[in-house]
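Pasted below: coords_29.pdb, PDB, C-alpha atoms, pLDDT in the B column.
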```pdb
ATOM      1  CA  GLY H1281     106.931  87.931  98.045  1.00 42.00           C
ATOM      2  CA  GLU H1282     109.891  87.706 100.369  1.00 40.00           C
ATOM      3  CA  ILE H1283     110.439  90.825 102.469  1.00 41.00           C
ATOM      4  CA  GLN H1284     113.679  92.636 101.696  1.00 48.00           C
ATOM      5  CA  THR H1285     115.763  94.521 104.227  1.00 49.00           C
ATOM      6  CA  MET H1286     118.995  96.437 103.909  1.00 57.00           C
ATOM      7  CA  ALA H1287     121.845  93.942 103.798  1.00 52.00           C
ATOM      8  CA  THR H1288     125.574  94.515 104.143  1.00 49.00           C
ATOM      9  CA  PRO H1289     127.587  92.461 101.633  1.00 48.00           C
ATOM     10  CA  LYS H1290     129.259  89.420 103.141  1.00 40.00           C
ATOM     11  CA  ASN H1291     132.794  90.696 102.697  1.00 46.00           C
ATOM     12  CA  GLN H1292     131.857  93.895 104.550  1.00 44.00           C
ATOM     13  CA  GLN H1293     130.200  91.927 107.337  1.00 44.00           C
ATOM     14  CA  GLU H1294     133.396  89.968 107.919  1.00 42.00           C
ATOM     15  CA  GLU H1295     135.574  93.082 107.804  1.00 42.00           C
ATOM     16  CA  ASN H1296     133.359  95.166 110.083  1.00 40.00           C
ATOM     17  CA  LYS H1297     132.243  92.884 112.897  1.00 38.00           C
ATOM     18  CA  GLU H1298     133.546  95.205 115.611  1.00 37.00           C
ATOM     19  CA  THR H1299     132.933  98.548 113.886  1.00 34.00           C
ATOM     20  CA  PRO H1300     129.761  98.494 111.771  1.00 35.00           C
ATOM     21  CA  LEU H1301     130.119 100.317 108.469  1.00 35.00           C
ATOM     22  CA  ALA H1302     126.781 102.082 108.826  1.00 41.00           C
ATOM     23  CA  THR H1303     126.628 105.083 111.126  1.00 42.00           C
ATOM     24  CA  MET H1304     123.291 105.487 112.841  1.00 40.00           C
ATOM     25  CA  VAL H1305     121.974 109.029 112.934  1.00 46.00           C
ATOM     26  CA  GLU H1306     119.538 109.360 115.812  1.00 39.00           C
ATOM     27  CA  GLN H1307     116.076 110.806 115.261  1.00 42.00           C
ATOM     28  CA  GLU H1308     115.443 113.913 117.351  1.00 44.00           C
ATOM     29  CA  ASP H1309     111.737 113.422 117.963  1.00 44.00           C
ATOM     30  CA  SER H1310     111.582 109.958 119.486  1.00 41.00           C
ATOM     31  CA  GLU H1311     109.244 111.306 122.128  1.00 41.00           C
ATOM     32  CA  ILE H1312     106.420 111.177 119.580  1.00 41.00           C
ATOM     33  CA  THR H1313     104.201 108.291 120.565  1.00 44.00           C
ATOM     34  CA  ASN H1314     102.823 105.608 118.257  1.00 56.00           C
ATOM     35  CA  VAL H1315     105.554 106.302 115.670  1.00 54.00           C
ATOM     36  CA  PRO H1316     107.943 103.418 114.926  1.00 59.00           C
ATOM     37  CA  ARG H1317     111.504 104.443 115.710  1.00 73.00           C
ATOM     38  CA  LYS H1318     113.459 105.023 112.521  1.00 91.00           C
ATOM     39  CA  GLU H1319     117.139 105.809 112.117  1.00 95.00           C
ATOM     40  CA  TRP H1320     118.775 107.299 109.067  1.00 97.00           C
ATOM     41  CA  LEU H1321     121.871 105.318 108.105  1.00 97.00           C
ATOM     42  CA  THR H1322     124.987 106.676 106.425  1.00 97.00           C
ATOM     43  CA  GLU H1323     128.045 104.941 104.982  1.00 97.00           C
ATOM     44  CA  PRO H1324     131.244 105.970 103.230  1.00 96.00           C
ATOM     45  CA  TYR H1325     130.518 106.765  99.593  1.00 95.00           C
ATOM     46  CA  GLN H1326     133.607 105.026  98.250  1.00 93.00           C
ATOM     47  CA  GLU H1327     132.832 101.746 100.014  1.00 95.00           C
ATOM     48  CA  GLN H1328     129.344 101.631  98.517  1.00 97.00           C
ATOM     49  CA  ALA H1329     130.491 102.712  95.057  1.00 95.00           C
ATOM     50  CA  ARG H1330     133.181 100.019  94.934  1.00 95.00           C
ATOM     51  CA  HIS H1331     131.535  97.094  96.668  1.00 96.00           C
ATOM     52  CA  VAL H1332     127.751  97.570  96.835  1.00 97.00           C
ATOM     53  CA  TRP H1333     126.183  99.521  93.991  1.00 97.00           C
ATOM     54  CA  PRO H1334     125.852  98.135  90.457  1.00 97.00           C
ATOM     55  CA  ASP H1335     128.001  99.772  87.794  1.00 96.00           C
ATOM     56  CA  GLU H1336     125.287  99.898  85.146  1.00 96.00           C
ATOM     57  CA  GLY H1337     121.599  99.438  84.430  1.00 96.00           C
ATOM     58  CA  LYS H1338     118.318 100.743  85.862  1.00 96.00           C
ATOM     59  CA  HIS H1339     118.223 100.383  89.633  1.00 97.00           C
ATOM     60  CA  ILE H1340     116.208 101.719  92.544  1.00 98.00           C
ATOM     61  CA  LEU H1341     118.940 102.531  95.042  1.00 98.00           C
ATOM     62  CA  ALA H1342     117.303 103.201  98.377  1.00 98.00           C
ATOM     63  CA  GLN H1343     117.452 102.948 102.142  1.00 98.00           C
ATOM     64  CA  TYR H1344     114.724 100.611 103.306  1.00 98.00           C
ATOM     65  CA  ASP H1345     113.690  98.071 105.928  1.00 96.00           C
ATOM     66  CA  HIS H1346     110.812  95.640 106.410  1.00 94.00           C
ATOM     67  CA  ASP H1347     108.055  98.280 106.396  1.00 96.00           C
ATOM     68  CA  SER H1348     109.498 101.514 104.998  1.00 98.00           C
ATOM     69  CA  ILE H1349     111.577 103.083 102.245  1.00 98.00           C
ATOM     70  CA  VAL H1350     113.215 106.507 102.378  1.00 98.00           C
ATOM     71  CA  VAL H1351     112.547 109.113  99.679  1.00 98.00           C
ATOM     72  CA  TYR H1352     113.974 112.626  99.491  1.00 98.00           C
ATOM     73  CA  GLN H1353     112.548 116.014  98.618  1.00 98.00           C
ATOM     74  CA  ALA H1354     113.994 119.537  98.745  1.00 98.00           C
ATOM     75  CA  PHE H1355     111.905 122.583  99.670  1.00 98.00           C
ATOM     76  CA  ARG H1356     112.040 126.158 100.824  1.00 97.00           C
ATOM     77  CA  PRO H1357     112.422 126.327 104.628  1.00 97.00           C
ATOM     78  CA  GLU H1358     108.753 127.048 105.418  1.00 97.00           C
ATOM     79  CA  ILE H1359     107.505 123.910 103.629  1.00 98.00           C
ATOM     80  CA  ALA H1360     110.232 121.702 105.077  1.00 98.00           C
ATOM     81  CA  GLN H1361     109.496 122.902 108.597  1.00 97.00           C
ATOM     82  CA  HIS H1362     105.802 122.192 108.151  1.00 98.00           C
ATOM     83  CA  VAL H1363     106.196 118.632 106.876  1.00 98.00           C
ATOM     84  CA  VAL H1364     108.791 117.760 109.534  1.00 97.00           C
ATOM     85  CA  GLN H1365     106.566 119.125 112.312  1.00 97.00           C
ATOM     86  CA  HIS H1366     103.224 117.770 111.097  1.00 97.00           C
ATOM     87  CA  LYS H1367     104.343 114.696 109.103  1.00 97.00           C
ATOM     88  CA  SER H1368     102.017 115.932 106.386  1.00 97.00           C
ATOM     89  CA  PHE H1369     101.685 118.650 103.751  1.00 97.00           C
ATOM     90  CA  GLN H1370      98.079 119.206 104.812  1.00 95.00           C
ATOM     91  CA  ASP H1371      97.267 122.891 105.431  1.00 95.00           C
ATOM     92  CA  CYS H1372     100.741 124.071 104.434  1.00 96.00           C
ATOM     93  CA  PRO H1373     100.041 127.504 102.840  1.00 93.00           C
ATOM     94  CA  LEU H1374     103.067 127.445 100.517  1.00 95.00           C
ATOM     95  CA  TYR H1375     102.690 123.851  99.331  1.00 95.00           C
ATOM     96  CA  ASN H1376     101.144 123.823  95.855  1.00 93.00           C
ATOM     97  CA  THR H1377      98.760 120.865  95.684  1.00 89.00           C
ATOM     98  CA  LYS H1378      98.185 121.372  91.957  1.00 87.00           C
ATOM     99  CA  ARG H1379     101.811 120.870  90.995  1.00 91.00           C
ATOM    100  CA  MET H1380     103.478 117.527  90.429  1.00 95.00           C
ATOM    101  CA  THR H1381     105.815 116.789  93.334  1.00 96.00           C
ATOM    102  CA  TRP H1382     108.900 114.632  92.691  1.00 97.00           C
ATOM    103  CA  ILE H1383     110.339 112.042  95.065  1.00 98.00           C
ATOM    104  CA  LYS H1384     113.742 110.394  94.772  1.00 98.00           C
ATOM    105  CA  THR H1385     115.113 107.347  96.565  1.00 98.00           C
ATOM    106  CA  ASN H1386     118.697 108.071  95.542  1.00 97.00           C
ATOM    107  CA  PHE H1387     120.490 110.485  97.873  1.00 97.00           C
ATOM    108  CA  CYS H1388     123.218 111.503  95.397  1.00 95.00           C
ATOM    109  CA  TRP H1389     120.607 112.221  92.727  1.00 95.00           C
ATOM    110  CA  MET H1390     118.775 114.457  95.203  1.00 97.00           C
ATOM    111  CA  MET H1391     122.038 116.241  95.977  1.00 96.00           C
ATOM    112  CA  PHE H1392     122.620 116.860  92.277  1.00 95.00           C
ATOM    113  CA  ARG H1393     119.117 118.285  91.917  1.00 95.00           C
ATOM    114  CA  CYS H1394     119.312 120.680  94.879  1.00 96.00           C
ATOM    115  CA  LYS H1395     123.077 121.308  94.722  1.00 94.00           C
ATOM    116  CA  TRP H1396     123.563 119.986  98.234  1.00 95.00           C
ATOM    117  CA  ALA H1397     120.721 122.102  99.636  1.00 96.00           C
ATOM    118  CA  THR H1398     121.958 125.391  98.195  1.00 95.00           C
ATOM    119  CA  SER H1399     119.568 125.933  95.246  1.00 96.00           C
ATOM    120  CA  PRO H1400     116.884 128.619  95.621  1.00 96.00           C
ATOM    121  CA  ASN H1401     113.674 127.196  97.101  1.00 96.00           C
ATOM    122  CA  GLN H1402     115.514 123.919  97.745  1.00 97.00           C
ATOM    123  CA  GLU H1403     117.527 124.970 100.767  1.00 97.00           C
ATOM    124  CA  ARG H1404     116.107 122.270 103.026  1.00 98.00           C
ATOM    125  CA  VAL H1405     116.203 118.517 102.335  1.00 98.00           C
ATOM    126  CA  VAL H1406     113.809 116.136 104.038  1.00 98.00           C
ATOM    127  CA  ALA H1407     113.953 112.359 104.257  1.00 98.00           C
ATOM    128  CA  ILE H1408     110.493 110.795 104.237  1.00 98.00           C
ATOM    129  CA  TRP H1409     110.011 107.233 105.416  1.00 98.00           C
ATOM    130  CA  LEU H1410     107.196 105.980 103.193  1.00 98.00           C
ATOM    131  CA  LYS H1411     105.247 102.853 103.915  1.00 98.00           C
ATOM    132  CA  ARG H1412     106.607 100.202 101.585  1.00 98.00           C
ATOM    133  CA  ALA H1413     103.093  99.246 100.568  1.00 98.00           C
ATOM    134  CA  ALA H1414     102.490 102.850  99.487  1.00 98.00           C
ATOM    135  CA  PHE H1415     105.730 102.989  97.491  1.00 98.00           C
ATOM    136  CA  GLU H1416     104.829  99.728  95.755  1.00 97.00           C
ATOM    137  CA  ARG H1417     101.450 101.226  94.924  1.00 97.00           C
ATOM    138  CA  TYR H1418     103.122 104.285  93.392  1.00 97.00           C
ATOM    139  CA  LEU H1419     105.292 102.016  91.264  1.00 96.00           C
ATOM    140  CA  GLU H1420     102.270 100.060  90.098  1.00 95.00           C
ATOM    141  CA  MET H1421     100.619 103.310  89.023  1.00 94.00           C
ATOM    142  CA  ALA H1422     103.758 104.715  87.390  1.00 94.00           C
ATOM    143  CA  ARG H1423     103.683 105.605  83.718  1.00 91.00           C
ATOM    144  CA  ILE H1424     106.081 107.412  81.379  1.00 89.00           C
ATOM    145  CA  HIS H1425     103.049 108.981  79.680  1.00 83.00           C
ATOM    146  CA  GLY H1426      99.401 109.172  80.687  1.00 76.00           C
ATOM    147  CA  SER H1427      97.912 107.859  83.909  1.00 75.00           C
ATOM    148  CA  SER H1428      96.793 104.499  85.254  1.00 76.00           C
ATOM    149  CA  MET H1429      93.890 106.035  87.191  1.00 78.00           C
ATOM    150  CA  PRO H1430      91.667 108.987  86.173  1.00 78.00           C
ATOM    151  CA  GLY H1431      92.662 112.175  87.980  1.00 77.00           C
ATOM    152  CA  ARG H1432      95.697 110.651  89.698  1.00 84.00           C
ATOM    153  CA  THR H1433      99.128 110.548  88.165  1.00 91.00           C
ATOM    154  CA  VAL H1434     102.464 108.923  89.012  1.00 95.00           C
ATOM    155  CA  ARG H1435     105.063 109.907  86.435  1.00 95.00           C
ATOM    156  CA  LEU H1436     108.084 107.631  85.980  1.00 95.00           C
ATOM    157  CA  GLN H1437     111.503 108.930  84.934  1.00 95.00           C
ATOM    158  CA  TRP H1438     114.741 106.985  84.637  1.00 96.00           C
ATOM    159  CA  ASP H1439     117.452 109.640  84.723  1.00 95.00           C
ATOM    160  CA  PRO H1440     121.243 109.339  84.695  1.00 95.00           C
ATOM    161  CA  ASP H1441     122.564 108.712  88.171  1.00 96.00           C
ATOM    162  CA  HIS H1442     125.046 111.289  89.416  1.00 94.00           C
ATOM    163  CA  PHE H1443     128.332 111.340  91.237  1.00 92.00           C
ATOM    164  CA  PRO H1444     128.701 113.594  94.295  1.00 91.00           C
ATOM    165  CA  ASP H1445     130.450 116.249  92.192  1.00 88.00           C
ATOM    166  CA  GLY H1446     127.339 116.507  89.995  1.00 89.00           C
ATOM    167  CA  SER H1447     128.714 114.717  86.938  1.00 91.00           C
ATOM    168  CA  CYS H1448     126.579 112.063  85.244  1.00 94.00           C
ATOM    169  CA  HIS H1449     127.083 108.360  85.758  1.00 94.00           C
ATOM    170  CA  ALA H1450     127.569 107.049  82.219  1.00 91.00           C
ATOM    171  CA  LYS H1451     125.883 103.666  82.623  1.00 95.00           C
ATOM    172  CA  ARG H1452     123.606 103.674  85.682  1.00 97.00           C
ATOM    173  CA  ARG H1453     120.096 105.111  85.828  1.00 96.00           C
ATOM    174  CA  ALA H1454     118.208 106.343  88.896  1.00 96.00           C
ATOM    175  CA  VAL H1455     114.453 106.487  89.306  1.00 96.00           C
ATOM    176  CA  GLN H1456     112.341 109.456  90.296  1.00 96.00           C
ATOM    177  CA  LEU H1457     108.577 109.549  90.607  1.00 97.00           C
ATOM    178  CA  GLY H1458     106.348 112.545  90.012  1.00 96.00           C
ATOM    179  CA  LEU H1459     103.120 112.516  92.047  1.00 96.00           C
ATOM    180  CA  ARG H1460      99.994 114.511  91.273  1.00 94.00           C
ATOM    181  CA  ASN H1461      96.690 114.294  93.165  1.00 94.00           C
ATOM    182  CA  ILE H1462      97.954 111.456  95.369  1.00 95.00           C
ATOM    183  CA  GLU H1463      95.956 112.425  98.447  1.00 95.00           C
ATOM    184  CA  THR H1464      97.517 109.844 100.772  1.00 97.00           C
ATOM    185  CA  PHE H1465     100.934 111.362 100.076  1.00 97.00           C
ATOM    186  CA  ARG H1466      99.758 114.940 100.578  1.00 96.00           C
ATOM    187  CA  ASN H1467      97.967 114.243 103.861  1.00 97.00           C
ATOM    188  CA  GLY H1468     100.746 112.061 105.278  1.00 97.00           C
ATOM    189  CA  GLN H1469      98.761 108.834 105.411  1.00 98.00           C
ATOM    190  CA  ASP H1470     101.563 107.124 103.494  1.00 98.00           C
ATOM    191  CA  PHE H1471     104.266 108.479 105.835  1.00 98.00           C
ATOM    192  CA  ILE H1472     105.903 106.709 108.758  1.00 97.00           C
ATOM    193  CA  HIS H1473     108.403 109.412 109.650  1.00 97.00           C
ATOM    194  CA  VAL H1474     109.982 112.624 108.321  1.00 97.00           C
ATOM    195  CA  LYS H1475     113.416 114.050 109.146  1.00 97.00           C
ATOM    196  CA  ASP H1476     115.278 117.185 108.073  1.00 98.00           C
ATOM    197  CA  VAL H1477     118.738 116.087 106.844  1.00 98.00           C
ATOM    198  CA  THR H1478     119.936 119.488 105.626  1.00 97.00           C
ATOM    199  CA  ALA H1479     122.732 119.822 108.189  1.00 97.00           C
ATOM    200  CA  PHE H1480     124.223 116.540 107.008  1.00 96.00           C
ATOM    201  CA  CYS H1481     124.009 117.691 103.376  1.00 96.00           C
ATOM    202  CA  HIS H1482     125.852 120.912 104.153  1.00 95.00           C
ATOM    203  CA  ALA H1483     128.505 119.116 106.206  1.00 93.00           C
ATOM    204  CA  GLN H1484     129.207 116.599 103.450  1.00 92.00           C
ATOM    205  CA  ARG H1485     128.984 118.944 100.480  1.00 90.00           C
ATOM    206  CA  PRO H1486     132.013 118.165  98.300  1.00 82.00           C
ATOM    207  CA  THR H1487     134.658 120.870  98.215  1.00 69.00           C
ATOM    208  CA  GLU H1488     136.466 119.284  95.266  1.00 58.00           C
ATOM    209  CA  LYS H1489     135.034 119.489  91.758  1.00 53.00           C
ATOM    210  CA  LYS H1490     136.450 116.197  90.504  1.00 55.00           C
ATOM    211  CA  GLN H1491     135.069 112.747  91.323  1.00 56.00           C
ATOM    212  CA  GLN H1492     138.525 111.227  91.790  1.00 58.00           C
ATOM    213  CA  PHE H1493     139.276 113.528  94.731  1.00 70.00           C
ATOM    214  CA  ILE H1494     136.404 112.293  96.918  1.00 81.00           C
ATOM    215  CA  PRO H1495     138.012 111.167 100.204  1.00 85.00           C
ATOM    216  CA  GLU H1496     137.498 107.786 101.842  1.00 87.00           C
ATOM    217  CA  THR H1497     135.766 109.527 104.760  1.00 89.00           C
ATOM    218  CA  PHE H1498     133.104 111.137 102.556  1.00 92.00           C
ATOM    219  CA  MET H1499     129.682 109.999 103.808  1.00 94.00           C
ATOM    220  CA  VAL H1500     126.328 109.628 102.067  1.00 96.00           C
ATOM    221  CA  ALA H1501     123.101 107.791 102.803  1.00 98.00           C
ATOM    222  CA  SER H1502     123.377 104.034 103.080  1.00 98.00           C
ATOM    223  CA  GLU H1503     121.591 102.509 100.073  1.00 98.00           C
ATOM    224  CA  ARG H1504     121.051  99.093  98.499  1.00 98.00           C
ATOM    225  CA  VAL H1505     119.264  97.937  95.371  1.00 98.00           C
ATOM    226  CA  TYR H1506     115.532  97.743  95.993  1.00 98.00           C
ATOM    227  CA  ARG H1507     113.634  95.187  93.918  1.00 96.00           C
ATOM    228  CA  PRO H1508     109.866  95.778  94.015  1.00 97.00           C
ATOM    229  CA  GLU H1509     107.933  92.925  95.580  1.00 96.00           C
ATOM    230  CA  SER H1510     104.944  93.325  93.276  1.00 94.00           C
ATOM    231  CA  GLU H1511     105.178  91.796  89.819  1.00 96.00           C
ATOM    232  CA  LEU H1512     102.941  94.594  88.547  1.00 95.00           C
ATOM    233  CA  ALA H1513     105.314  97.190  90.025  1.00 95.00           C
ATOM    234  CA  ARG H1514     108.321  95.529  88.388  1.00 95.00           C
ATOM    235  CA  GLN H1515     106.546  95.473  85.042  1.00 94.00           C
ATOM    236  CA  SER H1516     105.452  99.090  85.413  1.00 93.00           C
ATOM    237  CA  VAL H1517     108.985 100.414  85.957  1.00 93.00           C
ATOM    238  CA  GLY H1518     110.738  97.922  83.691  1.00 93.00           C
ATOM    239  CA  ILE H1519     112.672  95.930  86.312  1.00 91.00           C
ATOM    240  CA  ARG H1520     112.925  92.157  86.027  1.00 83.00           C
TER     241      ARG H1520
END
```

Rendering of file as structure tokens:
Amino acid sequence: GEIQTMATPKNQQEENKETPLATMVEQEDSEITNVPRKEWLTEPYQEQARHVWPDEGKHILAQYDHDSIVVYQAFRPEIAQHVVQHKSFQDCPLYNTKRMTWIKTNFCWMMFRCKWATSPNQERVVAIWLKRAAFERYLEMARIHGSSMPGRTVRLQWDPDHFPDGSCHAKRRAVQLGLRNIETFRNGQDFIHVKDVTAFCHAQRPTEKKQQFIPETFMVASERVYRPESELARQSVGIR
């Protein structure tokens, strides 16, 4: 299939030729060798909500490029520090390998879940650049019930998307995947890069409780609709 990359809508391209809408957040550990350089992109929430994101339906909203897609997880500090440093959960004493671990592509959904990195045991948020081939494989394995492969499980959930203030989006659904016994995720083989984005989460945490008071300058992760390349993946998650 044709490779997708993040694309700015045409009207935004014309309006932002001199000042790109996306703000590039530099990675701190570029000195690591043999790791493709990745940058985490942010954009104003209101611009994306008005002009980019669909108003309804089931959609995988994500930040992605030709070889990677970003997923988010929230952990206690010790686990987050380990995975950022080692790019793997391997040998992390506090990481429970028997539990199902949930990944989310949608930044605002992650913020709802961890309350902008303030919930107990979810005080640190990490962005994980997964290999796109690995993410497609997870989607192909995904099931609402049961498992596609003995001993390995990818659980699919379509949950209500959320606004930055935590309220539910009435018509749009966001995907999250629960992984159990996926060794290539645990040992980092499926990872390209990992970054702690907690400081950004704290800086952007909404101070107003109502959606209508979100300012034009309020920033979130830059995201576009991701359509799985694999026909099997699209069938598995119910996307045409």

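What the PyMOL selection byres ((chain H and resi 1347) around 8) picks from this file is Tyr1344, Asp1345, His1346, Ser1348, Ile1349, Lys1411, Arg1412 and Ala1413 of chain H.
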
Residue contacts of Ala1397 (chain H) (8 Å, all atoms listed in the file) excluding same-chain residues fewer than 2 positions away, as a PDB file with C-alpha atoms, in the coordinates of the input:
```
ATOM      1  CA  ALA H1354     113.994 119.537  98.745  1.00 98.00           C
ATOM      2  CA  MET H1391     122.038 116.241  95.977  1.00 96.00           C
ATOM      3  CA  CYS H1394     119.312 120.680  94.879  1.00 96.00           C
ATOM      4  CA  LYS H1395     123.077 121.308  94.722  1.00 94.00           C
ATOM      5  CA  SER H1399     119.568 125.933  95.246  1.00 96.00           C
ATOM      6  CA  GLN H1402     115.514 123.919  97.745  1.00 97.00           C
ATOM      7  CA  GLU H1403     117.527 124.970 100.767  1.00 97.00           C
ATOM      8  CA  ARG H1404     116.107 122.270 103.026  1.00 98.00           C
ATOM      9  CA  VAL H1405     116.203 118.517 102.335  1.00 98.00           C
ATOM     10  CA  THR H1478     119.936 119.488 105.626  1.00 97.00           C
ATOM     11  CA  CYS H1481     124.009 117.691 103.376  1.00 96.00           C
ATOM     12  CA  HIS H1482     125.852 120.912 104.153  1.00 95.00           C
TER      13      HIS H1482
END
```

**Message:** Env of His1366 (chain H): 12 Å cut, atoms = all atoms listed in the file, seq-sep filter 2 positions within chain, self excluded. Answer as number ranges by chain.
**Reply:** H: 1309, 1312, 1359-1364, 1368-1372, 1466-1469, 1471-1475

Can you tell me which residues surround Pro1324 (chain H) at a distance of at most 7 Å, considering only C-alpha atoms, apart from same-chain residues fewer than 3 positions away, and format the answer as a compact mmCIF listing (two decimals) with C-alpha atoms, keeping the file's coordinate frame?
```
# COMPACT_ATOMS: atom_id res chain seq x y z
CA GLU H 1327 132.83 101.75 100.01
CA GLN H 1328 129.34 101.63 98.52
CA GLU H 1496 137.50 107.79 101.84
CA THR H 1497 135.77 109.53 104.76
CA PHE H 1498 133.10 111.14 102.56
CA MET H 1499 129.68 110.00 103.81
CA VAL H 1500 126.33 109.63 102.07
```

Excluding region 1427-1439 of chain H and any residue of its chain fewer than 6 positions from it, enumerate the residues within 6 Å of it, using only C-alpha atoms, and give them as a tab-separated table (two decimals) with C-alpha atoms, in the frame of the given file.
```tsv
chain	number	residue	atom	x	y	z
H	1421	MET	CA	100.62	103.31	89.02
H	1453	ARG	CA	120.10	105.11	85.83
H	1454	ALA	CA	118.21	106.34	88.90
H	1455	VAL	CA	114.45	106.49	89.31
H	1456	GLN	CA	112.34	109.46	90.30
H	1457	LEU	CA	108.58	109.55	90.61
H	1458	GLY	CA	106.35	112.54	90.01
H	1459	LEU	CA	103.12	112.52	92.05
H	1460	ARG	CA	99.99	114.51	91.27
H	1461	ASN	CA	96.69	114.29	93.16
```

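The point (115.7, 96.4, 91.6) has these residues within 8 Å of it when all atoms listed in the file are used: Lys1338, His1339, Ile1340, Leu1341, Val1505, Tyr1506, Arg1507, Pro1508, Ile1519 and Arg1520 of chain H.
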
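Residue nearest Gln1365 (chain H), chosen from H:Ala1450, H:Met1390, H:Ala1422, H:Val1406 and counting all atoms listed in the file: H:Val1406.
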
**Prompt:** In Å, with one decimal, what is the gap from CA of Pro1400 (chain H) to CA of Ala1414 (chain H)?
**Reply:** 29.8 Å

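Using the PyMOL selection byres ((chain H and resi 1385) around 6) on the file at hand returns these residues: Ala1342, Val1351, Lys1384 and Asn1386 of chain H.
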
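For the atom pair formed by CA of Lys1378 (chain H) and CA of Arg1356 (chain H), the distance is 17.1 Å, given to one decimal.
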
**Asked** In terms of the shortest atom-to-atom distance over only C-alpha atoms, which of H:Trp1389, H:Phe1480, H:Trp1409, H:Trp1382 is closest to Lys1367 (chain H)?
**Response** H:Trp1409

**Item:** Nearest residue to Thr1381 (chain H) from the set H:Ala1483, H:Ile1462, H:Ala1513, H:Ile1494 (distances using only C-alpha atoms)
**Value:** H:Ile1462

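Here CA of Ile1383 (chain H) and CA of Tyr1352 (chain H) stand 5.8 Å from one another.
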
**Request:** Enumerate, as a PyMOL selection string, the residues matched when the PyMOL selection byres ((chain H and resi 1420) around 9) is run on the file above.
**Result:** chain H and resi 1415-1419+1421-1423+1428+1434+1510-1517

**Message:** I'd like the contact shell of Ala1329 (chain H) - 12 Å cut-off, all atoms listed in the file, skipping same-chain residues fewer than 3 positions apart - returned as a ChimeraX atom specification.
**Reply:** /H:1323-1326,1332-1336,1341,1388,1442-1444,1449,1452,1491,1494,1496,1498-1504

What are the centre and edge lengths in Å, to one decimal, of the axis-aligned box around all listed atoms of region 1336-1349 of chain H with 3 Å added on each side, as lines of an AutoDock Vina configuration file?
```
center_x = 116.7
center_y = 99.4
center_z = 95.4
size_x = 23.2
size_y = 13.6
size_z = 28.0
```

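Candidate residues H:Asn1401, H:Val1477, H:Trp1320, H:Thr1377 were compared for distance to Glu1358 (chain H), and the nearest is H:Asn1401, using all atoms listed in the file.
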